[in-house]
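final.cif, holding mmCIF, N, CA and C atoms:
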```
data_target
loop_
_atom_site.label_atom_id
_atom_site.label_comp_id
_atom_site.auth_asym_id
_atom_site.auth_seq_id
_atom_site.Cartn_x
_atom_site.Cartn_y
_atom_site.Cartn_z
N MET D 1 0.84 -1.17 0.00
CA MET D 1 0.00 0.00 0.00
C MET D 1 0.89 1.24 0.00
N THR D 2 0.45 2.27 -0.68
CA THR D 2 1.22 3.50 -0.81
C THR D 2 0.49 4.66 -0.13
N PHE D 3 1.28 5.59 0.43
CA PHE D 3 0.73 6.71 1.17
C PHE D 3 1.34 8.02 0.70
N TYR D 4 0.59 9.11 0.88
CA TYR D 4 1.06 10.46 0.58
C TYR D 4 0.73 11.37 1.75
N ILE D 5 1.45 12.48 1.82
CA ILE D 5 1.20 13.50 2.85
C ILE D 5 0.87 14.80 2.13
N TYR D 6 -0.20 15.46 2.58
CA TYR D 6 -0.46 16.82 2.11
C TYR D 6 -0.11 17.76 3.24
N ARG D 7 0.88 18.61 3.00
CA ARG D 7 1.29 19.59 4.00
C ARG D 7 0.70 20.95 3.63
N ASN D 8 -0.05 21.52 4.56
CA ASN D 8 -0.62 22.86 4.39
C ASN D 8 0.00 23.72 5.47
N TRP D 9 0.91 24.59 5.09
CA TRP D 9 1.64 25.39 6.08
C TRP D 9 1.06 26.79 6.24
N VAL D 10 -0.04 27.09 5.58
CA VAL D 10 -0.63 28.43 5.68
C VAL D 10 -1.92 28.41 6.49
N ALA D 11 -2.96 27.80 5.96
CA ALA D 11 -4.29 27.88 6.58
C ALA D 11 -4.37 27.14 7.92
N GLU D 12 -4.09 25.86 7.90
CA GLU D 12 -4.29 25.06 9.11
C GLU D 12 -3.00 24.53 9.73
N LYS D 13 -1.89 24.75 9.06
CA LYS D 13 -0.60 24.27 9.56
C LYS D 13 -0.68 22.80 9.97
N LYS D 14 -1.03 21.96 8.98
CA LYS D 14 -1.19 20.54 9.26
C LYS D 14 -0.56 19.71 8.15
N ALA D 15 -0.26 18.47 8.51
CA ALA D 15 0.22 17.48 7.56
C ALA D 15 -0.74 16.30 7.65
N VAL D 16 -1.44 16.01 6.56
CA VAL D 16 -2.46 14.96 6.56
C VAL D 16 -1.97 13.78 5.74
N ILE D 17 -1.99 12.60 6.35
CA ILE D 17 -1.57 11.37 5.68
C ILE D 17 -2.78 10.74 5.01
N HIS D 18 -2.59 10.35 3.73
CA HIS D 18 -3.65 9.73 2.93
C HIS D 18 -3.15 8.43 2.32
N ARG D 19 -4.07 7.52 2.04
CA ARG D 19 -3.77 6.38 1.18
C ARG D 19 -3.73 6.91 -0.25
N ALA D 20 -2.88 6.34 -1.09
CA ALA D 20 -2.73 6.82 -2.47
C ALA D 20 -4.06 6.81 -3.22
N GLU D 21 -4.88 5.79 -2.98
CA GLU D 21 -6.13 5.64 -3.72
C GLU D 21 -7.27 6.50 -3.18
N CYS D 22 -7.03 7.24 -2.12
CA CYS D 22 -8.04 8.13 -1.54
C CYS D 22 -8.47 9.16 -2.59
N GLY D 23 -9.76 9.45 -2.66
CA GLY D 23 -10.26 10.44 -3.61
C GLY D 23 -9.69 11.82 -3.39
N SER D 24 -9.36 12.15 -2.14
CA SER D 24 -8.76 13.46 -1.85
C SER D 24 -7.30 13.51 -2.29
N CYS D 25 -6.64 12.36 -2.28
CA CYS D 25 -5.22 12.29 -2.61
C CYS D 25 -4.97 12.10 -4.11
N ASN D 26 -5.66 11.11 -4.70
CA ASN D 26 -5.52 10.86 -6.14
C ASN D 26 -4.04 10.66 -6.52
N ASN D 27 -3.38 9.76 -5.77
CA ASN D 27 -1.96 9.46 -6.01
C ASN D 27 -1.08 10.70 -5.97
N GLY D 28 -1.33 11.56 -4.98
CA GLY D 28 -0.51 12.75 -4.78
C GLY D 28 -0.82 13.92 -5.69
N LYS D 29 -1.93 13.85 -6.44
CA LYS D 29 -2.31 14.94 -7.34
C LYS D 29 -3.42 15.80 -6.76
N GLY D 30 -4.08 15.33 -5.71
CA GLY D 30 -5.20 16.06 -5.14
C GLY D 30 -6.48 15.84 -5.92
N CYS D 31 -7.55 16.48 -5.49
CA CYS D 31 -8.86 16.24 -6.10
C CYS D 31 -9.35 17.40 -6.96
N HIS D 32 -8.58 18.48 -7.07
CA HIS D 32 -8.98 19.60 -7.90
C HIS D 32 -7.76 20.40 -8.34
N GLU D 33 -7.95 21.27 -9.30
CA GLU D 33 -6.87 22.13 -9.76
C GLU D 33 -6.41 23.04 -8.62
N ASN D 34 -5.15 23.38 -8.62
CA ASN D 34 -4.61 24.24 -7.57
C ASN D 34 -4.00 25.48 -8.22
N PRO D 35 -4.80 26.54 -8.38
CA PRO D 35 -4.28 27.74 -9.06
C PRO D 35 -3.17 28.46 -8.29
N LEU D 36 -3.04 28.18 -6.99
CA LEU D 36 -2.00 28.84 -6.19
C LEU D 36 -0.68 28.08 -6.20
N GLY D 37 -0.65 26.93 -6.87
CA GLY D 37 0.58 26.14 -6.89
C GLY D 37 0.95 25.67 -5.49
N ASP D 38 2.22 25.83 -5.13
CA ASP D 38 2.71 25.38 -3.82
C ASP D 38 2.68 26.49 -2.77
N LYS D 39 1.95 27.54 -3.03
CA LYS D 39 1.94 28.68 -2.10
C LYS D 39 1.38 28.31 -0.73
N ASN D 40 0.30 27.52 -0.70
CA ASN D 40 -0.34 27.16 0.57
C ASN D 40 0.01 25.77 1.07
N GLY D 41 0.29 24.86 0.15
CA GLY D 41 0.55 23.49 0.55
C GLY D 41 1.09 22.68 -0.61
N LYS D 42 1.44 21.41 -0.30
CA LYS D 42 2.08 20.58 -1.32
C LYS D 42 1.94 19.11 -0.93
N TRP D 43 1.83 18.24 -1.95
CA TRP D 43 1.81 16.80 -1.74
C TRP D 43 3.24 16.26 -1.67
N PHE D 44 3.46 15.28 -0.80
CA PHE D 44 4.77 14.63 -0.65
C PHE D 44 4.57 13.12 -0.70
N GLY D 45 5.49 12.44 -1.31
CA GLY D 45 5.41 10.99 -1.40
C GLY D 45 5.73 10.57 -2.82
N PRO D 46 5.58 9.31 -3.08
CA PRO D 46 4.90 8.29 -2.28
C PRO D 46 5.79 7.70 -1.19
N PHE D 47 5.12 7.13 -0.19
CA PHE D 47 5.77 6.40 0.89
C PHE D 47 5.25 4.97 0.85
N GLU D 48 6.16 4.02 0.98
CA GLU D 48 5.79 2.61 0.87
C GLU D 48 4.99 2.09 2.05
N THR D 49 5.20 2.67 3.23
CA THR D 49 4.48 2.20 4.41
C THR D 49 3.88 3.38 5.16
N PHE D 50 2.86 3.08 5.96
CA PHE D 50 2.24 4.11 6.79
C PHE D 50 3.26 4.66 7.78
N GLU D 51 4.10 3.79 8.33
CA GLU D 51 5.12 4.23 9.29
C GLU D 51 6.11 5.20 8.65
N ASP D 52 6.51 4.94 7.41
CA ASP D 52 7.41 5.87 6.70
C ASP D 52 6.75 7.23 6.51
N ALA D 53 5.48 7.23 6.14
CA ALA D 53 4.75 8.49 5.95
C ALA D 53 4.63 9.23 7.28
N LYS D 54 4.34 8.49 8.34
CA LYS D 54 4.18 9.11 9.66
C LYS D 54 5.49 9.74 10.13
N LYS D 55 6.62 9.04 9.93
CA LYS D 55 7.92 9.60 10.31
C LYS D 55 8.20 10.89 9.55
N ASP D 56 7.94 10.87 8.25
CA ASP D 56 8.21 12.06 7.44
C ASP D 56 7.27 13.21 7.82
N ALA D 57 6.02 12.90 8.09
CA ALA D 57 5.05 13.94 8.46
C ALA D 57 5.42 14.64 9.76
N ASN D 58 6.12 13.94 10.63
CA ASN D 58 6.52 14.52 11.92
C ASN D 58 7.79 15.34 11.85
N LYS D 59 8.44 15.38 10.69
CA LYS D 59 9.63 16.21 10.52
C LYS D 59 9.20 17.65 10.23
N PRO D 60 10.01 18.63 10.64
CA PRO D 60 9.66 20.02 10.32
C PRO D 60 9.78 20.26 8.81
N TYR D 61 8.94 21.12 8.30
CA TYR D 61 9.01 21.51 6.90
C TYR D 61 9.12 23.03 6.86
N LYS D 62 10.12 23.53 6.15
CA LYS D 62 10.40 24.98 6.12
C LYS D 62 10.52 25.50 7.55
N SER D 63 11.17 24.74 8.40
CA SER D 63 11.41 25.07 9.81
C SER D 63 10.13 25.15 10.64
N ILE D 64 9.04 24.59 10.13
CA ILE D 64 7.77 24.61 10.85
C ILE D 64 7.34 23.18 11.15
N TYR D 65 6.99 22.94 12.42
CA TYR D 65 6.39 21.65 12.76
C TYR D 65 4.89 21.77 12.53
N LEU D 66 4.33 20.85 11.78
CA LEU D 66 2.91 20.86 11.47
C LEU D 66 2.19 19.80 12.29
N GLU D 67 0.93 20.05 12.61
CA GLU D 67 0.13 19.05 13.31
C GLU D 67 -0.13 17.90 12.35
N VAL D 68 0.20 16.67 12.77
CA VAL D 68 0.00 15.50 11.92
C VAL D 68 -1.40 14.95 12.17
N ARG D 69 -2.12 14.75 11.06
CA ARG D 69 -3.47 14.19 11.11
C ARG D 69 -3.57 13.06 10.10
N PHE D 70 -4.62 12.27 10.25
CA PHE D 70 -4.89 11.18 9.31
C PHE D 70 -6.19 11.50 8.58
N CYS D 71 -6.23 11.27 7.29
CA CYS D 71 -7.42 11.57 6.49
C CYS D 71 -8.64 10.87 7.08
N GLY D 72 -9.72 11.62 7.24
CA GLY D 72 -10.96 11.06 7.77
C GLY D 72 -11.74 10.26 6.75
N LYS D 73 -11.38 10.37 5.47
CA LYS D 73 -12.08 9.61 4.42
C LYS D 73 -11.48 8.22 4.24
N CYS D 74 -10.16 8.15 4.16
CA CYS D 74 -9.52 6.86 3.86
C CYS D 74 -8.92 6.18 5.08
N ASN D 75 -8.86 6.86 6.22
CA ASN D 75 -8.37 6.28 7.48
C ASN D 75 -7.09 5.46 7.30
N PRO D 76 -5.98 6.09 6.92
CA PRO D 76 -4.76 5.35 6.63
C PRO D 76 -4.18 4.60 7.83
N GLU D 77 -4.52 5.03 9.04
CA GLU D 77 -3.97 4.37 10.23
C GLU D 77 -4.64 3.03 10.51
N LEU D 78 -5.76 2.75 9.85
CA LEU D 78 -6.46 1.48 10.04
C LEU D 78 -6.06 0.52 8.94
N ASP D 79 -5.32 -0.50 9.31
CA ASP D 79 -4.89 -1.46 8.30
C ASP D 79 -4.73 -2.82 8.89
#
```
Rewrite the structure of this file - the entire thing - as C-alpha cells.
Amino acid sequence: MTFYIYRNWVAEKKAVIHRAECGSCNNGKGCHENPLGDKNGKWFGPFETFEDAKKDANKPYKSIYLEVRFCGKCNPELD
C-alpha cells in the first residue's frame, strides 16, 4: 500500500496522511486544480508504508512543525 502526505503550512498548519487511492489524494495529485501552486501546501510521497509516511510527516518543513493528522475519508492508520 502507498501513502502520501499533504502539508498545508498556511491555513491550518497541518500534515495529513492519505492512502494513495483516496479520492482526496488521487496518487498525490489532489482532487482539484490548484491555481496557487505550492503557495499554501504541497503533496509529498509516495511512501511505501504508513510508518514511513508518519515519520516524514513529523519532521519540520520549512522550519515549521505541522500538526499531523490522518485523512478522515480513507483512514490510513487502520490497516
Evaluate the PyMOL selection byres ((chain D and resi 57) around 7) against this structure - the residues, as JSON, numbers by chain, please. {"D": [5, 15, 52, 53, 54, 55, 56, 58, 59, 60, 66, 67, 68]}
Separation of atom CA of D:Asn27 and atom CA of D:Tyr61, in Å?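 Distance reported for this atom pair: 20.8 Å.
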List as number ranges by chain the residues having at least one atom at most 9 Å from position (5.6, 17.9, -2.6) as given in the file, counting only C-alpha atoms. D: 5-7, 28, 38, 41-45
Same residues, N, CA and C atoms, saved as a PDB file, in the coordinates of the input:
```pdb
ATOM      1  N   ILE D   5       1.450  12.480   1.820  1.00  0.00           N
ATOM      2  CA  ILE D   5       1.200  13.500   2.850  1.00  0.00           C
ATOM      3  C   ILE D   5       0.870  14.800   2.130  1.00  0.00           C
ATOM      4  N   TYR D   6      -0.200  15.460   2.580  1.00  0.00           N
ATOM      5  CA  TYR D   6      -0.460  16.820   2.110  1.00  0.00           C
ATOM      6  C   TYR D   6      -0.110  17.760   3.240  1.00  0.00           C
ATOM      7  N   ARG D   7       0.880  18.610   3.000  1.00  0.00           N
ATOM      8  CA  ARG D   7       1.290  19.590   4.000  1.00  0.00           C
ATOM      9  C   ARG D   7       0.700  20.950   3.630  1.00  0.00           C
ATOM     10  N   GLY D  28      -1.330  11.560  -4.980  1.00  0.00           N
ATOM     11  CA  GLY D  28      -0.510  12.750  -4.780  1.00  0.00           C
ATOM     12  C   GLY D  28      -0.820  13.920  -5.690  1.00  0.00           C
ATOM     13  N   ASP D  38       2.220  25.830  -5.130  1.00  0.00           N
ATOM     14  CA  ASP D  38       2.710  25.380  -3.820  1.00  0.00           C
ATOM     15  C   ASP D  38       2.680  26.490  -2.770  1.00  0.00           C
ATOM     16  N   GLY D  41       0.290  24.860   0.150  1.00  0.00           N
ATOM     17  CA  GLY D  41       0.550  23.490   0.550  1.00  0.00           C
ATOM     18  C   GLY D  41       1.090  22.680  -0.610  1.00  0.00           C
ATOM     19  N   LYS D  42       1.440  21.410  -0.300  1.00  0.00           N
ATOM     20  CA  LYS D  42       2.080  20.580  -1.320  1.00  0.00           C
ATOM     21  C   LYS D  42       1.940  19.110  -0.930  1.00  0.00           C
ATOM     22  N   TRP D  43       1.830  18.240  -1.950  1.00  0.00           N
ATOM     23  CA  TRP D  43       1.810  16.800  -1.740  1.00  0.00           C
ATOM     24  C   TRP D  43       3.240  16.260  -1.670  1.00  0.00           C
ATOM     25  N   PHE D  44       3.460  15.280  -0.800  1.00  0.00           N
ATOM     26  CA  PHE D  44       4.770  14.630  -0.650  1.00  0.00           C
ATOM     27  C   PHE D  44       4.570  13.120  -0.700  1.00  0.00           C
ATOM     28  N   GLY D  45       5.490  12.440  -1.310  1.00  0.00           N
ATOM     29  CA  GLY D  45       5.410  10.990  -1.400  1.00  0.00           C
ATOM     30  C   GLY D  45       5.730  10.570  -2.820  1.00  0.00           C
TER      31      GLY D  45
END
```
Give me the residues within 8 Å of D:Arg19 as a list in words, counting all atoms listed in the file and dropping any in the same chain fewer than 4 places off. Met1, Thr2, Phe3, Tyr4, Ile5, Gly23, Ser24, Cys25, Asn26, Asn27, Gly28, Phe70, Cys71, Lys73, Cys74, Asn75, Pro76 and Glu77 of chain D
Just the number, please: distance in Å from atom CA of D:Lys14 to atom CA of D:Tyr65, one decimal.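 That distance, rounded to one decimal, is 8.4 Å.
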Expected file for stretch 3-19 of chain D keeping N, CA and C atoms, as a tab-separated table (two decimals), in the first residue's frame:
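Saved the output as out04.tsv:
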```tsv
chain	number	residue	atom	x	y	z
D	3	PHE	N	1.28	5.59	0.43
D	3	PHE	CA	0.73	6.71	1.17
D	3	PHE	C	1.34	8.02	0.70
D	4	TYR	N	0.59	9.11	0.88
D	4	TYR	CA	1.06	10.46	0.58
D	4	TYR	C	0.73	11.37	1.75
D	5	ILE	N	1.45	12.48	1.82
D	5	ILE	CA	1.20	13.50	2.85
D	5	ILE	C	0.87	14.80	2.13
D	6	TYR	N	-0.20	15.46	2.58
D	6	TYR	CA	-0.46	16.82	2.11
D	6	TYR	C	-0.11	17.76	3.24
D	7	ARG	N	0.88	18.61	3.00
D	7	ARG	CA	1.29	19.59	4.00
D	7	ARG	C	0.70	20.95	3.63
D	8	ASN	N	-0.05	21.52	4.56
D	8	ASN	CA	-0.62	22.86	4.39
D	8	ASN	C	0.00	23.72	5.47
D	9	TRP	N	0.91	24.59	5.09
D	9	TRP	CA	1.64	25.39	6.08
D	9	TRP	C	1.06	26.79	6.24
D	10	VAL	N	-0.04	27.09	5.58
D	10	VAL	CA	-0.63	28.43	5.68
D	10	VAL	C	-1.92	28.41	6.49
D	11	ALA	N	-2.96	27.80	5.96
D	11	ALA	CA	-4.29	27.88	6.58
D	11	ALA	C	-4.37	27.14	7.92
D	12	GLU	N	-4.09	25.86	7.90
D	12	GLU	CA	-4.29	25.06	9.11
D	12	GLU	C	-3.00	24.53	9.73
D	13	LYS	N	-1.89	24.75	9.06
D	13	LYS	CA	-0.60	24.27	9.56
D	13	LYS	C	-0.68	22.80	9.97
D	14	LYS	N	-1.03	21.96	8.98
D	14	LYS	CA	-1.19	20.54	9.26
D	14	LYS	C	-0.56	19.71	8.15
D	15	ALA	N	-0.26	18.47	8.51
D	15	ALA	CA	0.22	17.48	7.56
D	15	ALA	C	-0.74	16.30	7.65
D	16	VAL	N	-1.44	16.01	6.56
D	16	VAL	CA	-2.46	14.96	6.56
D	16	VAL	C	-1.97	13.78	5.74
D	17	ILE	N	-1.99	12.60	6.35
D	17	ILE	CA	-1.57	11.37	5.68
D	17	ILE	C	-2.78	10.74	5.01
D	18	HIS	N	-2.59	10.35	3.73
D	18	HIS	CA	-3.65	9.73	2.93
D	18	HIS	C	-3.15	8.43	2.32
D	19	ARG	N	-4.07	7.52	2.04
D	19	ARG	CA	-3.77	6.38	1.18
D	19	ARG	C	-3.73	6.91	-0.25
```
